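Peer 1: Structure file run.cif (mmCIF, C-alpha atoms) right here:
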data_run
loop_
_atom_site.group_PDB
_atom_site.id
_atom_site.type_symbol
_atom_site.label_atom_id
_atom_site.label_comp_id
_atom_site.auth_asym_id
_atom_site.auth_seq_id
_atom_site.Cartn_x
_atom_site.Cartn_y
_atom_site.Cartn_z
ATOM 1 C CA MET A 1 0.854 -33.608 -39.352
ATOM 2 C CA SER A 2 -0.560 -31.304 -42.001
ATOM 3 C CA GLU A 3 0.601 -27.740 -42.540
ATOM 4 C CA THR A 4 -2.768 -26.470 -41.252
ATOM 5 C CA GLU A 5 -2.477 -28.514 -38.057
ATOM 6 C CA THR A 6 1.089 -27.307 -37.501
ATOM 7 C CA GLY A 7 0.058 -23.675 -37.967
ATOM 8 C CA SER A 8 -2.902 -24.131 -35.639
ATOM 9 C CA ARG A 9 -0.730 -25.703 -32.929
ATOM 10 C CA MET A 10 1.853 -22.950 -33.303
ATOM 11 C CA ARG A 11 -0.807 -20.248 -32.934
ATOM 12 C CA GLY A 12 -2.154 -22.061 -29.870
ATOM 13 C CA GLY A 13 1.318 -22.182 -28.325
ATOM 14 C CA ILE A 14 1.896 -18.508 -29.041
ATOM 15 C CA LEU A 15 -1.489 -17.682 -27.510
ATOM 16 C CA LEU A 16 -0.649 -19.653 -24.355
ATOM 17 C CA LEU A 17 2.732 -17.954 -24.105
ATOM 18 C CA GLY A 18 1.084 -14.561 -24.526
ATOM 19 C CA LEU A 19 -1.448 -15.368 -21.802
ATOM 20 C CA ALA A 20 1.328 -16.528 -19.486
ATOM 21 C CA LEU A 21 3.322 -13.353 -20.073
ATOM 22 C CA ALA A 22 0.205 -11.223 -19.510
ATOM 23 C CA ALA A 23 -0.450 -13.022 -16.211
ATOM 24 C CA VAL A 24 3.114 -12.430 -15.063
ATOM 25 C CA ALA A 25 2.931 -8.752 -16.070
ATOM 26 C CA ALA A 26 -0.357 -8.339 -14.188
ATOM 27 C CA ALA A 27 1.111 -9.969 -11.077
ATOM 28 C CA VAL A 28 4.156 -7.706 -11.197
ATOM 29 C CA GLU A 29 1.978 -4.626 -11.673
ATOM 30 C CA TYR A 30 -0.305 -5.667 -8.798
ATOM 31 C CA ARG A 31 2.727 -6.219 -6.578
ATOM 32 C CA SER A 32 4.157 -2.803 -7.445
ATOM 33 C CA LEU A 33 0.843 -1.104 -6.656
ATOM 34 C CA ASP A 34 0.456 -3.027 -3.413
ATOM 35 C CA HIS A 35 3.917 -2.266 -2.055
ATOM 36 C CA GLY A 36 6.391 -0.729 -4.418
ATOM 37 C CA VAL A 37 10.061 -1.569 -4.206
ATOM 38 C CA GLY A 38 11.804 1.099 -2.194
ATOM 39 C CA ASP A 39 8.641 2.178 -0.379
ATOM 40 C CA GLU A 40 8.770 2.499 3.363
ATOM 41 C CA VAL A 41 7.575 -0.576 5.188
ATOM 42 C CA PRO A 42 4.186 0.147 6.798
ATOM 43 C CA ALA A 43 4.198 0.387 10.597
ATOM 44 C CA GLU A 44 1.920 -2.648 10.965
ATOM 45 C CA ALA A 45 4.372 -4.730 8.934
ATOM 46 C CA VAL A 46 7.261 -3.561 11.123
ATOM 47 C CA SER A 47 5.363 -4.514 14.274
ATOM 48 C CA SER A 48 4.515 -7.868 12.694
ATOM 49 C CA ILE A 49 8.178 -8.450 11.855
ATOM 50 C CA GLN A 50 9.127 -7.486 15.403
ATOM 51 C CA ALA A 51 6.583 -9.969 16.764
ATOM 52 C CA LEU A 52 7.965 -12.679 14.488
ATOM 53 C CA GLU A 53 11.533 -11.832 15.552
ATOM 54 C CA GLN A 54 10.395 -12.233 19.165
ATOM 55 C CA ARG A 55 8.736 -15.547 18.312
ATOM 56 C CA VAL A 56 11.895 -17.030 16.760
ATOM 57 C CA ALA A 57 13.978 -15.690 19.659
ATOM 58 C CA GLU A 58 11.705 -17.503 22.105
ATOM 59 C CA ASN A 59 11.578 -20.707 20.048
ATOM 60 C CA PRO A 60 14.600 -20.846 17.720
ATOM 61 C CA GLY A 61 13.927 -24.473 16.808
ATOM 62 C CA ASN A 62 10.550 -23.737 15.189
ATOM 63 C CA ALA A 63 10.943 -23.982 11.393
ATOM 64 C CA ALA A 64 7.426 -22.626 10.784
ATOM 65 C CA ALA A 65 8.231 -19.469 12.770
ATOM 66 C CA TRP A 66 11.392 -18.929 10.712
ATOM 67 C CA GLN A 67 9.355 -19.473 7.538
ATOM 68 C CA GLU A 68 6.827 -16.825 8.618
ATOM 69 C CA LEU A 69 9.642 -14.421 9.419
ATOM 70 C CA GLY A 70 11.195 -15.110 6.014
ATOM 71 C CA PHE A 71 7.867 -14.429 4.313
ATOM 72 C CA ALA A 72 7.359 -11.176 6.234
ATOM 73 C CA ARG A 73 10.891 -9.994 5.468
ATOM 74 C CA PHE A 74 10.449 -10.902 1.787
ATOM 75 C CA ASP A 75 7.131 -9.048 1.671
ATOM 76 C CA ALA A 76 8.889 -6.009 3.147
ATOM 77 C CA ASP A 77 11.493 -6.208 0.340
ATOM 78 C CA GLU A 78 14.174 -7.184 2.884
ATOM 79 C CA PHE A 79 15.492 -10.018 0.740
ATOM 80 C CA GLY A 80 18.793 -10.605 2.536
ATOM 81 C CA ALA A 81 17.020 -10.883 5.876
ATOM 82 C CA ALA A 82 14.406 -13.140 4.273
ATOM 83 C CA ALA A 83 17.147 -15.418 2.930
ATOM 84 C CA LYS A 84 18.707 -15.594 6.396
ATOM 85 C CA ALA A 85 15.375 -16.640 7.929
ATOM 86 C CA TYR A 86 14.673 -19.199 5.193
ATOM 87 C CA ARG A 87 18.207 -20.568 5.559
ATOM 88 C CA ARG A 88 17.488 -21.220 9.243
ATOM 89 C CA ALA A 89 14.140 -22.800 8.342
ATOM 90 C CA VAL A 90 15.762 -25.270 5.909
ATOM 91 C CA GLU A 91 18.343 -26.171 8.548
ATOM 92 C CA LEU A 92 15.482 -27.098 10.865
ATOM 93 C CA ASP A 93 13.255 -28.763 8.236
ATOM 94 C CA PRO A 94 15.502 -29.823 5.338
ATOM 95 C CA GLU A 95 12.867 -32.013 3.666
ATOM 96 C CA GLN A 96 10.413 -29.173 2.955
ATOM 97 C CA ALA A 97 10.641 -28.257 -0.747
ATOM 98 C CA SER A 98 8.761 -24.973 -0.359
ATOM 99 C CA LEU A 99 11.337 -23.733 2.147
ATOM 100 C CA TRP A 100 14.163 -24.461 -0.284
ATOM 101 C CA SER A 101 12.423 -22.711 -3.166
ATOM 102 C CA ALA A 102 11.574 -19.722 -0.949
ATOM 103 C CA LEU A 103 15.240 -19.535 0.048
ATOM 104 C CA GLY A 104 16.242 -19.633 -3.612
ATOM 105 C CA GLU A 105 13.846 -16.844 -4.551
ATOM 106 C CA ALA A 106 15.030 -14.646 -1.678
ATOM 107 C CA LEU A 107 18.630 -15.185 -2.816
ATOM 108 C CA VAL A 108 17.686 -14.237 -6.388
ATOM 109 C CA MET A 109 15.936 -11.082 -5.242
ATOM 110 C CA ASP A 110 18.838 -10.147 -2.953
ATOM 111 C CA SER A 111 21.468 -10.571 -5.664
ATOM 112 C CA GLN A 112 22.927 -7.341 -6.970
ATOM 113 C CA ARG A 113 25.045 -8.908 -9.714
ATOM 114 C CA GLU A 114 23.823 -12.300 -10.811
ATOM 115 C CA PRO A 115 20.337 -13.003 -12.156
ATOM 116 C CA LEU A 116 20.512 -16.517 -10.694
ATOM 117 C CA PRO A 117 23.235 -16.951 -8.049
ATOM 118 C CA ALA A 118 24.773 -20.396 -7.537
ATOM 119 C CA ALA A 119 23.344 -20.714 -4.021
ATOM 120 C CA ALA A 120 19.844 -19.955 -5.339
ATOM 121 C CA LEU A 121 20.224 -22.496 -8.128
ATOM 122 C CA ALA A 122 21.350 -25.111 -5.583
ATOM 123 C CA ALA A 123 18.277 -24.330 -3.446
ATOM 124 C CA PHE A 124 15.933 -24.721 -6.432
ATOM 125 C CA ARG A 125 17.566 -28.008 -7.392
ATOM 126 C CA ARG A 126 17.189 -29.271 -3.827
ATOM 127 C CA ALA A 127 13.517 -28.274 -3.867
ATOM 128 C CA VAL A 128 12.777 -30.332 -6.990
ATOM 129 C CA GLU A 129 14.736 -33.273 -5.572
ATOM 130 C CA ILE A 130 12.280 -33.245 -2.681
ATOM 131 C CA ASP A 131 9.183 -32.369 -4.716
ATOM 132 C CA ALA A 132 9.403 -32.424 -8.501
ATOM 133 C CA THR A 133 6.160 -30.413 -8.707
ATOM 134 C CA ASP A 134 7.358 -27.371 -6.714
ATOM 135 C CA PRO A 135 6.235 -24.548 -9.046
ATOM 136 C CA ARG A 136 8.600 -21.840 -7.826
ATOM 137 C CA ALA A 137 11.655 -24.065 -8.212
ATOM 138 C CA ARG A 138 10.474 -25.278 -11.626
ATOM 139 C CA TYR A 139 9.949 -21.681 -12.769
ATOM 140 C CA PHE A 140 13.452 -20.612 -11.777
ATOM 141 C CA LEU A 141 15.044 -23.725 -13.234
ATOM 142 C CA ALA A 142 13.367 -22.792 -16.524
ATOM 143 C CA VAL A 143 14.826 -19.293 -16.090
ATOM 144 C CA LYS A 144 18.230 -20.969 -15.789
ATOM 145 C CA ARG A 145 17.625 -22.797 -19.075
ATOM 146 C CA ASP A 146 16.694 -19.501 -20.707
ATOM 147 C CA LEU A 147 19.748 -17.722 -19.287
ATOM 148 C CA ASP A 148 21.897 -20.547 -20.639
ATOM 149 C CA GLY A 149 20.483 -19.890 -24.117
ATOM 150 C CA ASP A 150 18.026 -22.797 -24.246
ATOM 151 C CA HIS A 151 14.995 -20.614 -24.995
ATOM 152 C CA GLU A 152 13.144 -23.408 -26.790
ATOM 153 C CA GLY A 153 13.563 -25.631 -23.726
ATOM 154 C CA ALA A 154 12.574 -22.944 -21.245
ATOM 155 C CA VAL A 155 9.262 -21.980 -22.859
ATOM 156 C CA PRO A 156 7.660 -25.464 -22.583
ATOM 157 C CA ASP A 157 8.869 -25.679 -18.980
ATOM 158 C CA TRP A 158 7.077 -22.417 -18.207
ATOM 159 C CA LEU A 159 3.973 -23.467 -20.102
ATOM 160 C CA ASP A 160 3.865 -26.727 -18.111
ATOM 161 C CA LEU A 161 3.390 -24.602 -15.016
ATOM 162 C CA LEU A 162 0.044 -23.416 -16.371
ATOM 163 C CA VAL A 163 -1.500 -26.883 -16.445
#
Can you turn what I pasted into structure tokens?

Peer 2:
Amino acid sequence: MSETETGSRMRGGILLLGLALAAVAAAVEYRSLDHGVGDEVPAEAVSSIQALEQRVAENPGNAAAWQELGFARFDADEFGAAAKAYRRAVELDPEQASLWSALGEALVMDSQREPLPAAALAAFRRAVEIDATDPRARYFLAVKRDLDGDHEGAVPDWLDLLV
């Protein structure tokens, strides 16, 4: 490969990385505008959570109901409660990769000390065992590579998520 081709490929990779970082920043900004961390949970969200709590109480064996409750709790920034709901969902439907990766993300967000707790990492690994294409699990496994110092390995993993 010529020096010109190498430089061109490097610039292309840097451009893709920049676009990926800009997309992540925009998503974070949108999320903070939509419902900032620490804001009070809107009344309609509370009533929705109460309805979902009632639904799982009436049908505790319904994995989809637990998943919805986990999503609502996560959206309300109640990450510990979301993890509890997702944990119940994976007990009921252990072959659903998206439930495992949602559990992992809730555990990450709930962690006060570790950027990637062991239980979250185990959940992400289980998700990719079930479905190697699960984007959330793949993203966080790349985060693990980065945290472990393998920055050059993490970046291509993140870029692969864009295609």

Peer 1: CA of Ala106 (chain A) and CA of Phe74 (chain A), how far apart in Å?

Peer 2: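 Taking CA of Phe74 (chain A) and CA of Ala106 (chain A), their separation equals 6.9 Å.
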
Peer 1: Distance CA of Tyr86 (chain A)-CA of Trp100 (chain A), one decimal place?

Peer 2: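 Here the two named atoms are 7.6 Å from each other.
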
Peer 1: Please evaluate the PyMOL selection byres ((chain A and resi 49) around 10) against the structure above and give the resulting residues as a PyMOL selection string.

Peer 2: chain A and resi 43-48+50-55+68-73+76

Peer 1: Draw an axis-aligned box over all listed atoms of region 94-105 of chain A, pad each side with 6 Å, and write its centre and edge lengths in Å, one decimal, as JSON.

Peer 2:
{"center_x": 12.5, "center_y": -24.4, "center_z": 0.4, "size_x": 19.5, "size_y": 27.2, "size_z": 21.9}

Peer 1: Just the number, please: distance in Å from CA of Ala83 (chain A) to CA of Thr133 (chain A), one decimal.

Peer 2: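 Separation between CA of Ala83 (chain A) and CA of Thr133 (chain A): 21.9 Å.
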
Peer 1: Write out as a PyMOL selection string the residues lying within 8 Å of Pro117 (chain A), counting all atoms listed in the file and excluding same-chain residues fewer than 5 positions away.

Peer 2: chain A and resi 107-108+111

Peer 1: Contacts of Arg125 (chain A) at 9 Å or less, counting all atoms listed in the file, minus same-chain residues fewer than 2 places along, as a ChimeraX atom specification?

Peer 2: /A:100-101,120-123,127-130,137-138,141

Peer 1: Considering only C-alpha atoms, state which residue in the set A:Glu114, A:Glu91, A:Phe79, A:Val56 is at the smallest distance from Lys144 (chain A).

Peer 2: A:Glu114

Peer 1: Enumerate, as a VMD selection string, the residues matched when the PyMOL selection byres ((chain A and resi 158) around 9) is run on the file above.

Peer 2: chain A and resid 17 20 138 to 139 142 to 143 154 to 157 159 to 162

Peer 1: Considering only C-alpha atoms, can you say which of A:Arg87, A:Asp134, A:Ser98, A:Asp146 comes closest to Leu116 (chain A)?

Peer 2: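 Using only C-alpha atoms, Leu116 (chain A) sits closest to A:Asp146.
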
Peer 1: For the file shown, what are the residues hit by the PyMOL selection byres ((chain A and resi 93) around 12), laid out as JSON, numbers by chain?

Peer 2: {"A": [61, 62, 63, 64, 65, 66, 67, 86, 87, 88, 89, 90, 91, 92, 94, 95, 96, 97, 98, 99, 100, 130]}

Peer 1: Pick the closest to Asp77 (chain A) from A:Asp131, A:Asp110, A:Leu147, A:Arg126: which is it, counting all atoms listed in the file?

Peer 2: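 Checking each candidate against Asp77 (chain A), we get A:Asp110 as the closest.
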